[in-house]
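Quick look at start.txt (compact mmCIF, C-alpha atoms):
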# COMPACT_ATOMS: atom_id res chain seq x y z
CA MET A 13 1.26 -22.93 -25.83
CA ASP A 14 1.18 -26.38 -24.18
CA ASP A 15 -1.88 -28.61 -24.14
CA PHE A 16 -2.80 -27.79 -20.53
CA ILE A 17 -2.87 -24.04 -21.22
CA ALA A 18 -4.68 -24.67 -24.53
CA ALA A 19 -7.40 -26.70 -22.78
CA ARG A 20 -7.91 -24.00 -20.16
CA SER A 21 -7.89 -21.27 -22.81
CA GLN A 22 -10.45 -23.09 -24.94
CA MET A 23 -12.76 -23.58 -21.95
CA ALA A 24 -12.34 -19.93 -20.97
CA LEU A 25 -13.11 -18.79 -24.51
CA SER A 26 -16.19 -21.01 -24.71
CA LEU A 27 -17.50 -19.88 -21.32
CA GLY A 28 -16.76 -16.23 -22.05
CA PHE A 29 -18.63 -16.44 -25.35
CA HIS A 30 -21.59 -18.41 -24.01
CA ILE A 31 -22.17 -16.34 -20.89
CA VAL A 32 -23.21 -13.29 -22.91
CA PHE A 33 -25.97 -15.24 -24.63
CA SER A 34 -26.96 -16.90 -21.37
CA CYS A 35 -27.47 -13.53 -19.69
CA ILE A 36 -29.52 -12.18 -22.57
CA GLY A 37 -31.55 -15.40 -22.80
CA MET A 38 -32.33 -15.16 -19.08
CA VAL A 39 -33.43 -11.53 -19.12
CA MET A 40 -34.69 -10.26 -22.46
CA PRO A 41 -37.83 -12.43 -22.42
CA PHE A 42 -38.93 -10.46 -19.34
CA PHE A 43 -38.45 -7.18 -21.23
CA MET A 44 -40.49 -8.72 -24.04
CA ALA A 45 -43.21 -9.84 -21.61
CA VAL A 46 -43.52 -6.34 -20.10
CA ALA A 47 -43.85 -4.71 -23.54
CA HIS A 48 -46.39 -7.35 -24.54
CA PHE A 49 -48.36 -6.75 -21.33
CA TYR A 50 -48.52 -3.02 -22.10
CA TRP A 51 -49.73 -3.83 -25.63
CA LEU A 52 -52.53 -6.04 -24.29
CA LYS A 53 -53.58 -3.41 -21.73
CA THR A 54 -53.27 -0.23 -23.84
CA LYS A 55 -53.47 -1.48 -27.45
CA ASP A 56 -50.75 1.05 -28.27
CA PRO A 57 -49.16 -0.42 -31.44
CA VAL A 58 -45.71 0.78 -30.41
CA TYR A 59 -45.67 -1.76 -27.58
CA ARG A 60 -46.65 -4.51 -30.02
CA ASN A 61 -43.83 -3.45 -32.31
CA ILE A 62 -41.32 -3.39 -29.45
CA THR A 63 -42.44 -6.89 -28.43
CA LYS A 64 -42.01 -8.23 -31.96
CA ALA A 65 -38.63 -6.55 -32.40
CA TRP A 66 -37.32 -7.90 -29.11
CA SER A 67 -38.70 -11.39 -29.80
CA LYS A 68 -36.59 -11.57 -32.95
CA GLY A 69 -33.55 -10.56 -30.91
CA VAL A 70 -34.38 -13.26 -28.35
CA ALA A 71 -34.57 -15.82 -31.17
CA ILE A 72 -31.15 -14.81 -32.52
CA PHE A 73 -29.51 -15.00 -29.10
CA PHE A 74 -31.32 -18.24 -28.23
CA ALA A 75 -30.07 -19.98 -31.36
CA THR A 76 -26.48 -18.83 -30.83
CA GLY A 77 -26.60 -19.66 -27.13
CA ALA A 78 -27.92 -23.15 -27.88
CA VAL A 79 -24.96 -23.81 -30.18
CA SER A 80 -22.32 -22.48 -27.78
CA GLY A 81 -23.95 -24.26 -24.82
CA THR A 82 -23.90 -27.58 -26.67
CA VAL A 83 -20.21 -27.08 -27.42
CA LEU A 84 -19.55 -26.50 -23.73
CA SER A 85 -21.27 -29.72 -22.72
CA PHE A 86 -19.03 -31.67 -25.10
CA GLU A 87 -15.91 -29.82 -23.95
CA LEU A 88 -16.49 -30.85 -20.34
CA GLY A 89 -16.11 -34.47 -21.36
CA LEU A 90 -13.43 -34.03 -24.00
CA LEU A 91 -11.13 -31.57 -22.24
CA TRP A 92 -11.68 -32.62 -18.62
CA PRO A 93 -12.41 -36.37 -18.66
CA ASN A 94 -10.87 -37.07 -15.23
CA PHE A 95 -13.01 -34.33 -13.72
CA MET A 96 -16.24 -35.61 -15.29
CA LYS A 97 -15.42 -39.22 -14.41
CA HIS A 98 -15.58 -38.40 -10.72
CA ALA A 99 -17.72 -35.24 -10.63
CA GLY A 100 -20.38 -36.26 -13.17
CA PRO A 101 -22.32 -38.60 -10.84
CA ILE A 102 -22.17 -36.00 -8.07
CA PHE A 103 -23.17 -32.74 -9.73
CA GLY A 104 -24.86 -34.10 -12.85
CA MET A 105 -28.38 -33.43 -11.54
CA PRO A 106 -28.42 -29.65 -12.11
CA PHE A 107 -27.15 -30.21 -15.66
CA SER A 108 -29.95 -32.72 -16.31
CA LEU A 109 -32.56 -30.34 -14.92
CA GLU A 110 -31.03 -27.51 -16.94
CA GLY A 111 -31.60 -29.58 -20.08
CA THR A 112 -35.27 -29.92 -19.14
CA ALA A 113 -35.57 -26.17 -18.56
CA PHE A 114 -33.87 -25.55 -21.90
CA PHE A 115 -36.39 -27.73 -23.76
CA ILE A 116 -39.31 -25.96 -22.05
CA GLU A 117 -37.75 -22.63 -23.02
CA ALA A 118 -37.37 -23.75 -26.65
CA ILE A 119 -40.98 -24.96 -26.87
CA ALA A 120 -42.35 -21.81 -25.23
CA LEU A 121 -40.27 -19.60 -27.56
CA GLY A 122 -41.65 -21.47 -30.57
CA PHE A 123 -45.19 -20.94 -29.30
CA PHE A 124 -44.52 -17.27 -28.76
CA LEU A 125 -42.84 -16.55 -32.09
CA TYR A 126 -45.51 -18.29 -34.16
CA GLY A 127 -48.50 -17.69 -31.90
CA TRP A 128 -49.42 -14.17 -32.95
CA ASN A 129 -53.15 -14.07 -33.82
CA LYS A 130 -53.37 -17.85 -33.29
CA PHE A 131 -53.63 -18.23 -29.50
CA ASN A 132 -55.70 -16.52 -26.88
CA PRO A 133 -53.83 -13.18 -26.38
CA TRP A 134 -53.15 -13.80 -22.69
CA PHE A 135 -52.04 -17.38 -23.25
CA HIS A 136 -49.70 -16.04 -25.94
CA TRP A 137 -48.31 -13.55 -23.42
CA PHE A 138 -47.89 -16.35 -20.89
CA THR A 139 -45.77 -18.40 -23.30
CA GLY A 140 -43.38 -15.46 -23.56
CA LEU A 141 -43.20 -15.25 -19.78
CA VAL A 142 -42.40 -18.98 -19.61
CA VAL A 143 -39.40 -18.34 -21.90
CA GLY A 144 -37.98 -15.97 -19.30
CA ILE A 145 -38.78 -18.16 -16.28
CA SER A 146 -37.19 -21.20 -17.95
CA GLY A 147 -34.13 -19.13 -18.88
CA ILE A 148 -33.69 -17.95 -15.28
CA LEU A 149 -34.03 -21.51 -14.00
CA SER A 150 -31.45 -22.71 -16.54
CA GLY A 151 -29.00 -20.06 -15.37
CA ILE A 152 -29.54 -20.86 -11.69
CA LEU A 153 -29.03 -24.60 -12.28
CA VAL A 154 -25.78 -24.07 -14.17
CA VAL A 155 -24.51 -21.73 -11.45
CA ALA A 156 -25.47 -24.36 -8.84
CA ALA A 157 -23.15 -26.80 -10.64
CA ASN A 158 -20.37 -24.21 -10.72
CA SER A 159 -20.86 -23.33 -7.06
CA TRP A 160 -20.33 -27.00 -6.22
CA MET A 161 -16.83 -26.68 -7.68
CA ASN A 162 -16.22 -23.82 -5.22
CA SER A 163 -17.97 -25.49 -2.29
CA PRO A 164 -17.90 -29.28 -2.77
CA ALA A 165 -20.67 -31.18 -0.98
CA GLY A 166 -22.76 -34.30 -1.30
CA PHE A 167 -19.97 -36.90 -1.09
CA ASP A 168 -17.18 -38.25 1.05
CA TYR A 169 -13.66 -38.44 -0.34
CA VAL A 170 -12.04 -41.55 1.11
CA ASN A 171 -8.74 -43.02 -0.09
CA GLY A 172 -9.03 -41.31 -3.46
CA ARG A 173 -12.63 -42.49 -4.00
CA TYR A 174 -15.88 -40.52 -4.04
CA VAL A 175 -18.43 -42.35 -1.87
CA ASN A 176 -21.78 -41.66 -0.13
CA ILE A 177 -22.91 -39.50 -3.06
CA ASP A 178 -25.93 -37.25 -2.45
CA PRO A 179 -26.81 -35.26 -5.65
CA ILE A 180 -29.40 -33.11 -3.87
CA LYS A 181 -26.93 -31.97 -1.24
CA ALA A 182 -24.36 -31.38 -3.99
CA MET A 183 -26.76 -29.19 -5.98
CA PHE A 184 -27.86 -27.18 -2.96
CA ASN A 185 -24.35 -26.74 -1.63
CA GLN A 186 -23.54 -23.96 0.80
CA ALA A 187 -22.43 -21.51 -1.92
CA TRP A 188 -25.20 -21.97 -4.50
CA PHE A 189 -27.60 -19.31 -3.22
CA GLU A 190 -25.07 -16.46 -3.08
CA GLN A 191 -23.63 -17.32 -6.50
CA ALA A 192 -27.03 -17.80 -8.15
CA LEU A 193 -28.34 -14.54 -6.70
CA HIS A 194 -25.25 -12.57 -7.73
CA MET A 195 -25.25 -14.02 -11.25
CA SER A 196 -28.98 -13.50 -11.81
CA ILE A 197 -28.84 -9.85 -10.75
CA ALA A 198 -25.71 -9.37 -12.86
CA ALA A 199 -27.57 -10.76 -15.89
CA PHE A 200 -30.39 -8.23 -15.41
CA ALA A 201 -27.96 -5.34 -14.96
CA ALA A 202 -25.81 -6.28 -17.96
CA THR A 203 -28.70 -6.95 -20.33
CA GLY A 204 -30.70 -3.98 -19.07
CA PHE A 205 -27.90 -1.49 -19.65
CA ALA A 206 -27.01 -3.06 -23.01
CA VAL A 207 -30.56 -2.90 -24.36
CA ALA A 208 -31.22 0.55 -22.89
CA GLY A 209 -27.91 1.78 -24.32
CA VAL A 210 -28.77 0.69 -27.85
CA HIS A 211 -32.15 2.40 -27.69
CA ALA A 212 -30.61 5.52 -26.14
CA LEU A 213 -28.23 5.74 -29.09
CA MET A 214 -31.13 5.46 -31.53
CA ILE A 215 -32.94 8.29 -29.70
CA VAL A 216 -29.84 10.48 -29.98
CA ARG A 217 -29.77 9.75 -33.71
CA ARG A 218 -33.49 10.66 -33.90
CA LYS A 219 -34.49 7.38 -35.50
CA ASN A 220 -38.05 6.44 -34.50
CA PRO A 221 -37.65 8.25 -31.18
CA ARG A 222 -41.01 7.21 -29.71
CA PHE A 223 -40.37 3.52 -30.37
CA HIS A 224 -36.88 3.67 -28.90
CA TYR A 225 -37.83 5.89 -25.96
CA MET A 226 -40.58 3.52 -24.83
CA ALA A 227 -38.23 0.55 -25.26
CA PHE A 228 -35.53 2.44 -23.32
CA ARG A 229 -37.93 3.04 -20.43
CA ILE A 230 -38.70 -0.67 -20.03
CA ALA A 231 -35.08 -1.84 -20.19
CA ILE A 232 -33.66 0.87 -17.96
CA VAL A 233 -36.06 0.11 -15.10
CA PHE A 234 -34.73 -3.45 -14.92
CA ALA A 235 -31.17 -2.17 -15.20
CA VAL A 236 -31.57 0.43 -12.44
CA ILE A 237 -33.13 -2.00 -9.97
CA ALA A 238 -30.45 -4.61 -10.67
CA ALA A 239 -27.58 -2.10 -10.41
CA ILE A 240 -28.82 -0.99 -6.98
CA LEU A 241 -29.29 -4.55 -5.71
CA GLN A 242 -26.00 -5.86 -7.09
CA PRO A 243 -23.69 -4.38 -4.39
CA LEU A 244 -25.89 -6.03 -1.74
CA SER A 245 -25.59 -9.44 -3.40
CA GLY A 246 -21.87 -8.76 -3.88
CA ASP A 247 -21.53 -8.26 -0.13
CA LEU A 248 -23.13 -11.66 0.50
CA SER A 249 -20.82 -13.26 -2.06
CA ALA A 250 -17.72 -11.64 -0.55
CA LYS A 251 -18.60 -12.94 2.91
CA ASP A 252 -19.13 -16.43 1.47
CA VAL A 253 -15.77 -16.33 -0.34
CA ALA A 254 -14.05 -15.16 2.83
CA ARG A 255 -15.47 -18.17 4.68
CA ARG A 256 -14.93 -20.90 2.09
CA GLN A 257 -12.16 -19.68 -0.21
CA PRO A 258 -9.80 -17.39 1.73
CA ALA A 259 -7.09 -17.84 -0.93
CA LYS A 260 -9.46 -16.46 -3.58
CA LEU A 261 -10.33 -13.46 -1.38
CA ALA A 262 -6.65 -12.78 -0.75
CA ALA A 263 -5.96 -12.87 -4.50
CA MET A 264 -8.96 -10.64 -5.26
CA GLU A 265 -7.68 -8.01 -2.85
CA ALA A 266 -3.97 -8.73 -3.49
CA ASP A 267 -3.81 -9.17 0.28
CA PHE A 268 -0.33 -10.56 0.83
CA LYS A 269 -0.31 -10.27 4.60
CA THR A 270 -2.59 -11.75 7.28
CA GLU A 271 -3.67 -8.95 9.59
CA LYS A 272 -6.35 -7.46 11.78
CA PHE A 273 -8.03 -4.23 10.71
CA ALA A 274 -7.26 -5.26 7.11
CA PRO A 275 -7.61 -2.47 4.55
CA LEU A 276 -9.82 -2.60 1.47
CA ILE A 277 -7.55 -2.13 -1.55
CA ILE A 278 -8.91 -0.14 -4.48
CA GLY A 279 -6.95 -0.33 -7.71
CA GLY A 280 -3.21 -0.68 -7.50
CA VAL A 281 -0.54 -2.79 -9.19
CA PRO A 282 0.29 -6.01 -7.31
CA ASP A 283 4.00 -6.82 -7.08
CA THR A 284 4.31 -10.51 -6.26
CA ALA A 285 8.06 -10.21 -5.74
CA THR A 286 7.90 -7.56 -3.01
CA LYS A 287 4.44 -8.61 -1.75
CA GLN A 288 3.20 -5.04 -2.09
CA VAL A 289 0.42 -3.29 -4.01
CA ASP A 290 1.72 -0.10 -5.56
CA TYR A 291 -0.40 2.98 -6.35
CA ALA A 292 -3.44 1.60 -4.50
CA ILE A 293 -6.04 3.42 -2.45
CA LYS A 294 -6.35 1.70 0.93
CA LEU A 295 -9.36 2.08 3.21
CA PRO A 296 -8.21 0.98 6.69
CA GLY A 297 -10.24 -1.77 8.34
CA MET A 298 -12.85 -1.96 5.58
CA LEU A 299 -11.92 -5.42 4.30
CA SER A 300 -12.22 -6.82 7.82
CA PHE A 301 -15.61 -5.15 8.22
CA MET A 302 -16.93 -6.24 4.81
CA THR A 303 -16.00 -9.88 5.35
CA SER A 304 -17.12 -10.28 8.97
CA ASP A 305 -18.91 -7.05 10.09
CA ASP A 306 -16.04 -6.45 12.51
CA PHE A 307 -13.33 -3.88 11.87
CA ASN A 308 -10.87 -5.74 14.10
CA SER A 309 -11.34 -9.21 12.64
CA THR A 310 -8.38 -11.01 11.09
CA VAL A 311 -8.34 -11.51 7.33
CA LYS A 312 -6.24 -14.37 6.04
CA GLY A 313 -3.59 -13.24 3.57
CA LEU A 314 -1.55 -15.10 0.99
CA ASP A 315 1.27 -15.54 3.53
CA GLN A 316 -0.95 -18.17 5.20
CA ILE A 317 -1.58 -20.04 1.92
CA PRO A 318 0.98 -22.59 0.66
CA LYS A 319 2.64 -21.28 -2.48
CA GLU A 320 1.44 -24.21 -4.57
CA ASP A 321 -2.19 -23.45 -3.56
CA GLN A 322 -2.13 -19.73 -4.33
CA PRO A 323 -4.26 -18.42 -7.23
CA PRO A 324 -2.73 -16.12 -9.88
CA VAL A 325 -2.82 -12.88 -7.93
CA THR A 326 -2.38 -10.34 -10.73
CA VAL A 327 -5.14 -11.67 -13.01
CA THR A 328 -7.59 -12.24 -10.15
CA HIS A 329 -6.98 -8.80 -8.62
CA TYR A 330 -7.32 -6.91 -11.91
CA ALA A 331 -10.46 -8.85 -12.87
CA PHE A 332 -12.01 -8.12 -9.49
CA GLN A 333 -11.21 -4.41 -9.78
CA VAL A 334 -12.73 -4.30 -13.27
CA MET A 335 -15.89 -6.02 -12.06
CA VAL A 336 -16.32 -3.71 -9.08
CA GLY A 337 -15.36 -0.61 -11.08
CA PHE A 338 -17.95 -1.15 -13.79
CA GLY A 339 -20.49 -2.19 -11.17
CA MET A 340 -20.00 1.15 -9.42
CA LEU A 341 -20.30 3.02 -12.71
CA MET A 342 -23.62 1.30 -13.39
CA LEU A 343 -24.76 2.11 -9.86
CA GLY A 344 -23.88 5.75 -10.47
CA LEU A 345 -25.90 5.78 -13.69
CA ALA A 346 -28.80 4.11 -11.90
CA LEU A 347 -28.81 6.82 -9.24
CA LEU A 348 -28.55 9.49 -11.96
CA TYR A 349 -31.60 8.01 -13.66
CA LEU A 350 -33.54 8.13 -10.37
CA VAL A 351 -32.58 11.79 -9.92
CA ALA A 352 -33.83 12.51 -13.43
CA LEU A 353 -37.04 10.58 -12.80
CA ALA A 354 -37.78 12.40 -9.55
CA TRP A 355 -36.57 15.95 -10.16
CA LYS A 356 -35.00 16.48 -13.58
CA ARG A 357 -37.34 14.96 -16.16
CA LYS A 358 -36.10 17.39 -18.80
CA TRP A 359 -32.82 15.43 -18.80
CA PHE A 360 -34.56 12.61 -20.68
CA GLY A 361 -34.57 14.82 -23.75
CA LYS A 362 -30.94 15.89 -23.38
CA SER A 363 -28.35 14.42 -25.69
CA TRP A 364 -25.64 14.25 -22.98
CA PHE A 365 -27.91 12.23 -20.70
CA LEU A 366 -28.79 9.67 -23.34
CA LYS A 367 -25.18 9.41 -24.50
CA LEU A 368 -24.14 8.40 -20.99
CA PHE A 369 -26.44 5.38 -21.22
CA ALA A 370 -25.29 4.64 -24.76
CA LEU A 371 -21.70 4.56 -23.48
CA ALA A 372 -22.82 2.14 -20.76
CA THR A 373 -23.95 -0.46 -23.32
CA PRO A 374 -20.97 -2.85 -22.82
CA MET A 375 -20.33 -2.11 -19.13
CA GLY A 376 -22.46 -4.88 -17.68
CA PHE A 377 -21.04 -7.58 -19.89
CA ILE A 378 -17.48 -6.47 -19.20
CA ALA A 379 -18.30 -6.76 -15.48
CA VAL A 380 -19.84 -10.21 -16.01
CA GLU A 381 -16.78 -11.47 -17.91
CA ALA A 382 -14.49 -10.06 -15.21
CA GLY A 383 -16.62 -11.64 -12.49
CA TRP A 384 -16.41 -15.08 -14.05
CA THR A 385 -12.66 -14.62 -14.41
CA VAL A 386 -12.51 -14.00 -10.66
CA THR A 387 -14.65 -17.08 -9.99
CA GLU A 388 -12.63 -19.45 -12.15
CA VAL A 389 -9.08 -18.09 -11.98
CA GLY A 390 -9.43 -17.31 -8.28
CA ARG A 391 -10.18 -20.99 -7.59
CA GLN A 392 -6.94 -22.19 -9.19
CA PRO A 393 -5.06 -24.45 -8.87
CA TRP A 394 -8.22 -26.38 -7.97
CA ILE A 395 -10.97 -27.52 -10.34
CA ILE A 396 -12.82 -28.87 -7.28
CA GLN A 397 -11.85 -26.69 -4.35
CA GLY A 398 -9.49 -28.58 -2.05
CA VAL A 399 -10.21 -31.95 -3.71
CA MET A 400 -8.96 -32.11 -7.31
CA ARG A 401 -6.37 -29.96 -9.03
CA THR A 402 -7.00 -28.63 -12.52
CA ALA A 403 -3.78 -30.20 -13.79
CA ASP A 404 -5.06 -33.63 -12.72
CA ALA A 405 -8.37 -33.21 -14.53
CA VAL A 406 -7.19 -32.24 -18.03
CA THR A 407 -7.29 -34.63 -20.97
CA PRO A 408 -4.09 -36.50 -21.87
CA MET A 409 -5.03 -36.23 -25.55
CA PRO A 410 -2.34 -34.31 -27.50
CA GLY A 411 -3.00 -31.56 -30.04
CA ILE A 412 -5.51 -29.55 -28.00
CA VAL A 413 -3.75 -26.37 -29.11
CA TYR A 414 -5.07 -26.87 -32.66
CA SER A 415 -8.59 -27.33 -31.33
CA PHE A 416 -8.20 -24.03 -29.48
CA TYR A 417 -7.28 -22.22 -32.70
CA VAL A 418 -10.24 -23.76 -34.55
CA PHE A 419 -12.73 -22.83 -31.84
CA THR A 420 -11.33 -19.31 -31.65
CA ALA A 421 -12.02 -18.90 -35.37
CA VAL A 422 -15.52 -20.39 -35.00
CA TYR A 423 -16.48 -18.11 -32.10
CA PHE A 424 -15.06 -15.07 -33.85
CA SER A 425 -17.12 -15.90 -36.94
CA LEU A 426 -20.26 -16.44 -34.86
CA SER A 427 -19.72 -13.08 -33.17
CA LEU A 428 -19.55 -11.33 -36.53
CA ILE A 429 -22.72 -13.08 -37.70
CA VAL A 430 -24.63 -12.14 -34.55
CA VAL A 431 -23.49 -8.50 -34.79
CA PHE A 432 -24.58 -8.41 -38.44
CA LEU A 433 -28.01 -9.92 -37.66
CA LEU A 434 -28.61 -7.51 -34.78
CA TYR A 435 -27.47 -4.53 -36.86
CA ARG A 436 -29.83 -5.56 -39.64
CA GLN A 437 -32.66 -6.03 -37.13
CA ILE A 438 -32.14 -2.52 -35.73
CA LYS A 439 -31.96 -1.03 -39.22
CA MET A 440 -35.20 -2.81 -40.18
CA VAL A 441 -37.23 -1.26 -37.36
CA PRO A 442 -38.67 1.63 -39.44
CA VAL A 443 -39.32 -0.69 -42.40
CA VAL A 444 -40.84 -3.76 -40.77
CA TYR A 445 -42.83 -2.08 -38.03
CA ASP A 446 -45.52 0.48 -38.63
CA ILE A 447 -44.36 3.25 -36.30

As a first step, turn the structure in this file into structure tokens.
Amino acid sequence: MDDFIAARSQMALSLGFHIVFSCIGMVMPFFMAVAHFYWLKTKDPVYRNITKAWSKGVAIFFATGAVSGTVLSFELGLLWPNFMKHAGPIFGMPFSLEGTAFFIEAIALGFFLYGWNKFNPWFHWFTGLVVGISGILSGILVVAANSWMNSPAGFDYVNGRYVNIDPIKAMFNQAWFEQALHMSIAAFAATGFAVAGVHALMIVRRKNPRFHYMAFRIAIVFAVIAAILQPLSGDLSAKDVARRQPAKLAAMEADFKTEKFAPLIIGGVPDTATKQVDYAIKLPGMLSFMTSDDFNSTVKGLDQIPKEDQPPVTVTHYAFQVMVGFGMLMLGLALLYLVALAWKRKWFGKSWFLKLFALATPMGFIAVEAGWTVTEVGRQPWIIQGVMRTADAVTPMPGIVYSFYVFTAVYFSLSLIVVFLLYRQIKMVPVVYDI
């Protein structure tokens, strides 16, 4: 492994690890706030217990996310110094604001965790809500910075220099809304199905069924709404990618040929040698329609992209298929839940029904990881689309490969610790909480 691949691998590992905690930190406080609201309105102790249990989970994920996020901020400077030298003054504002949102989130979480029976009950509830609002803002600001890499704005590039810098225009670039919307909904879907899945499994095992059923109901509502909205935000994102990053769209679809009435490719094995996609299902004209609302529009294929500017087709295509596939599975489960809610309420007590949601526990996060793979790998070979290549941004410092191995060990260890803490927290539910 050379240093360039090691630097990219370390950044990918760090992002892939951190994004899970980011999603949970953005969303779980809202679950917590809903349970707390029900406790204040009904005085049912189960809702208080759910709130306390979830708040401990939020604290675990917040602490781990803070560590991994700090590592990422250092890696940007250490691994990609040429990138930060030029890009830092342009897109640094959302990172600065994200730091402010993070501090507000940390303070509000401290108030919430230690405010039981000390604050006015509704002020205490409000501090929990602030944790979620700050988390969402943090996520949106980070995505705004990433969207700038896909849609550079707020500067002029003249003779190799970045001039006329406008940080506001850079932050609110033309891709930020679609990416922020898609990521925020994805976070709700992933976290909702993960939390609901864990509680569904506990119901199947008949461990404190009332506690877990009421927790399941809160989480699954968020998950269902997000899973239904996600394809709509995905459509907006696809249209934006088609406009601004046609090479990424072509790699996502393994679309080797520019053509009108372009088919939507489902599945398949891309063959870069023959420029074909084997074993795929092709829906004639659908890609043209989905990208421009016109079945006869022309979709730019990889044959119109210079070879040196083409993204890795195989990785991008597979990642995109994984993201869409798991998104459709979650949509199917969401519709199944609505059927049960409207006409088949007896399903809620059926083991097979609950097991389906237990099996869905990792689906959202697999889709999120695949989606970020599409976003980052599909932009290659550019770190700033059309402006700076990734190879020109990497650190010249040798020995990065050893750093990659060290960080891999660290993240693996942190994962084991988090799993252990969460397992212990779930096991402690009947002991700690009076249910």

Tell me, in Å to one decimal, how far atom CA of Asp56 of chain A is from atom CA of Ile72 of chain A.
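Computing the Euclidean distance for atom CA of Asp56 of chain A and atom CA of Ile72 of chain A yields 25.6 Å.
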
Report the distance between atom CA of Phe223 of chain A and atom CA of Lys64 of chain A in Å, rounded to one decimal place.
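Calculated distance between atom CA of Phe223 of chain A and atom CA of Lys64 of chain A is 12.0 Å.
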
Find, counting all atoms listed in the file, the residue in A:Phe416, A:Trp384, A:Trp394, A:Phe73 that gets nearest to Val327 of chain A.
A:Trp384

What is the distance between atom CA of Ala274 of chain A and atom CA of Met335 of chain A, in Å to one decimal?
21.0 Å

Residue among A:Phe115, A:Phe184, A:Phe369, A:Tyr291 lying closest to Ala157 of chain A, counting all atoms listed in the file
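Closest candidate: A:Phe184.
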